[in-house]
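A quick write-up on the structure given underneath.
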Amino acid sequence: MQVSDHDPDYDVGPGPLASLWRYRLASSVVIVLAVLAGVIHGVLAAPPTKALARIGLANPRGLTVILGGSASGADLGRYASARARFAESTDVLATAARSLKDGTSLATLQTAVEVTATADADVLIVTATGSGGEQAERRADAVVAAFRELTLQSTNDTVNSQLAAVARAQAQLDQLFTPGPGDSARAAAAATALGELQQTAARAQTEAALFGSGTVFVENATVPHPSSGAARAERGGLLGLLLGVLLAGTVAWLRAGRRREVGDGEAAARLLGTRLLGEIPTTGERGRSAERGDARERRGVRERGGIRGRGRSVERGRADEADGPRSSPQPGHHAAAGVLTAVGGRGLYVLASPGRQDGRTATALGLATALAAGGCRVALVDGDLRTGRLTARFGLPAAAVGLAQLARGTTDLATAIRTYSTAEGGELAFVPRGQLATDPAGLLGRAELTETMSRLKKLFDIVLVDTPATGPTADAFLLAATATGIIAVARWRTPGGPLRRLRAQADATAVPLVGVVLTHGPRVRGGYQDAYGDQIAFDVERTQTLRPRTSEDRPDRTPPHEAAALHKSPVHQPSVHKPSVAARL
């Protein structure tokens with residue numbers, strides 16, 4: 001199947017919720033940190049506390065001398081607004097600041113105090129803020145006291161001014177008018193004018209006594225709804241949760257959009273332009289341990305010695321630690337092996353993947369044991385000359401004779417190859433890494449290694465070669481020089497970029513990609529179950545239509561009809577008796 005480098009379905013990218021789930025660990029950390037930050041901020045950074053005081057205004061109706069009041073509703077509204085402005089005036093606030101005696105400045109009160117009138121124009125609401133409830137209450141009460149003090153002072157000043165006016169008028173009359181004969185009318189008029197002034201002064205005194213400080217009641221300041229530290233912490237935590245989810249979701253979405261990942265085997269196959277061989281789900285450590293233990297009890301593992309009769313025993317302790325072929329292959333390995341034999345046939349296959357933790361070694365071992373259980377003559381080669389993980393899985397020491405010595409021409413194939421019985425029956429030939437003395441890349445280009453690979457292809461039905469990651473090295477493609485094809489191994493949620501580069505590298509070597517195996521997939525999958533009879537979701541006929549194979553795609557292979565005769569079904573059938581490796585060599 002040939003596809004473009006930009007697969008439309010793949011380039012869409014996941015949505016916000018899928019992105020959060022993809023990066024759930026990092027997103028959880030971000031959300032938890034945001035909640036903790038919100039809780040800490042809510043406890044430490046307490047908001048300013050507000051205290052409210054109420055002033056009942058004296059009715060100005062009828063106070064014509066000192067206030068010029070009237071019974072008009074509009075006049076009452078204007079009166080209440082004027083009293084509110086007076087309560088916020090510089091004189092009142094300055095007096096309140098002096099009475100506090102705690103260092104509160106006029107500027108502080110100007111920003112911390114607000115006075116408003118109610119809709120009925122009969123009550124003033126004094127609102128004061130402070131760092132705590134007590135401070136806010138003291139500020140509001142100080143403003144109320146200053147308002148009453150200055151209002152009373154203003155009322156007294158008005159009465160005093162009226163009395164002073166009467167005294168001045170009487171003194172002027174005394175100076176300008178001297179009683180005499182015939183001045184009775186003038187005297188009467190003067191007396192009348194003076195009497196009116198005296199009445200005004202007396203009325204002013206009466207109104208002042210009634211008006212007083214301009215208030216009818218005062219309610220001391222209180223904090224209406226004091227917030228506790230626990231309540232603030234709860235609100236801060238909820239706010240942090242909301243912001244954390246938004247932040248984590250945004251970052252995860254942007255990250256997922258820039259780092260598109262492979263969600264299933266079909267997506268990996270589309271990116272690589274090949275077919276899907278199988279999917280290997282993640283297996284729990286407990287299941288793997290039990291599987292190894294059961295296999296050890298059922299069959300054990302025995303090394304049958306060198307092909308020329310020279311026994312090569314495995315150290316007891318190392319064999320106990322390494323699983324090698326003693327672990328049973330997973331159902332996914334059987335399914336992938338069946339598809340490989342059906343669409344690929346005989347030949348040498350190099351396993352390649354872009355990352356170091358993609359599961360190449362486990363896949364190579366699982367495929368080899370599954371093929372051996374089906375009766376195929378299988379050889380497994382540790383071509384990772386840099387780490388030799390596969391050699392360690394077989395419990396062999398790093399100095400064991402193997403591929404490195406074959407590449408240098410210091411040993412022969414009969415000495416390097418070892419034969420094992422697998423957990424599910426069948427035999428598996430294994431070539432370890434060998435002891436290194438020079439640069440690995442230099443050994444992989446030697447003619448002796450090419451000759452060794454060609455001979456292995458003739459001796460065995462299928463040869464599988466484990467290799468290092470293709471990202472940092474080109475060893476896999478050096479080993480693929482004589483290969484029948486490349487089996488790509490892709491880890492679930494692998495970014496698409498490395499897979500595209502792997503495809504380009506394979507195209508440059510002119511070695512076909514025969515398929516891809518997806519590893520480390522979700523544990524619950526619909527494709528197959530532990531009992532993998534009809535549940536295997538790999539239709540061989542369908543996979544054969546994905547990428548038609550031609551004779552040009554089959555270098556150094558047996559004809560298709562012979563491959564079909566050798567493997568009559570995707571799940572391998574036991575073959576007839578074949579001579580041992582020793583006899584063939």
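Residue numbering restarts at 1 for every chain of the structure tokens, chains are lettered A, B, ... in their displayed order, and ligands are numbered from 1 as they appear.
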>> Considering only helix (DSSP H, G or I) as DSSP defines it on the backbone, what residues of range 55-263 of chain A qualify? List them as a PyMOL selection string.
In response: chain A and resi 73-87+90-100+106-112+133-176+184-211+229-258
> What is the CA of Ala480 in chain A to CA of Lys458 in chain A distance in Å?
Replying inline: 16.0 Å
> So how far away is CA of Val251 in chain A from CA of Leu239 in chain A, in Å?
Replying inline: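 Those two atoms sit 18.2 Å apart.
Closest approach to Val223 in chain A among A:Leu499, A:Ala510, A:Ala167, A:Ala51 is made by A:Ala51 (distances from only C-alpha atoms).
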>> What's around Val143 in chain A at 8 Å? Count only C-alpha atoms, leave out sequence neighbours fewer than 4 positions away in its own chain, and write the answer as JSON, numbers by chain.
In response: {"A": [87, 92, 93, 95, 96, 126, 139, 147]}
Keeping N, CA and C atoms for every residue in the selection just given, could you write it to a file as a PDB file, in the first residue's frame?
ATOM      1  N   ALA A  87     -19.687  63.152  53.981  1.00  0.00           N
ATOM      2  CA  ALA A  87     -19.038  62.080  54.742  1.00  0.00           C
ATOM      3  C   ALA A  87     -17.732  61.636  54.086  1.00  0.00           C
ATOM      4  N   VAL A  92     -13.904  65.440  56.888  1.00  0.00           N
ATOM      5  CA  VAL A  92     -14.360  64.292  57.680  1.00  0.00           C
ATOM      6  C   VAL A  92     -13.289  63.206  57.734  1.00  0.00           C
ATOM      7  N   LEU A  93     -12.703  62.879  56.578  1.00  0.00           N
ATOM      8  CA  LEU A  93     -11.708  61.804  56.557  1.00  0.00           C
ATOM      9  C   LEU A  93     -10.444  62.191  57.309  1.00  0.00           C
ATOM     10  N   THR A  95     -10.329  64.170  59.917  1.00  0.00           N
ATOM     11  CA  THR A  95     -10.664  64.039  61.335  1.00  0.00           C
ATOM     12  C   THR A  95     -10.665  62.574  61.763  1.00  0.00           C
ATOM     13  N   ALA A  96     -11.203  61.701  60.893  1.00  0.00           N
ATOM     14  CA  ALA A  96     -11.221  60.272  61.213  1.00  0.00           C
ATOM     15  C   ALA A  96      -9.810  59.709  61.291  1.00  0.00           C
ATOM     16  N   VAL A 126     -21.788  53.407  55.205  1.00  0.00           N
ATOM     17  CA  VAL A 126     -20.352  53.675  55.221  1.00  0.00           C
ATOM     18  C   VAL A 126     -19.627  52.333  55.087  1.00  0.00           C
ATOM     19  N   ARG A 139     -12.096  51.763  61.134  1.00  0.00           N
ATOM     20  CA  ARG A 139     -12.104  52.833  60.141  1.00  0.00           C
ATOM     21  C   ARG A 139     -13.526  53.323  59.870  1.00  0.00           C
ATOM     22  N   PHE A 147     -18.116  62.276  61.051  1.00  0.00           N
ATOM     23  CA  PHE A 147     -19.278  62.852  60.369  1.00  0.00           C
ATOM     24  C   PHE A 147     -20.205  63.523  61.379  1.00  0.00           C
TER      25      PHE A 147
END
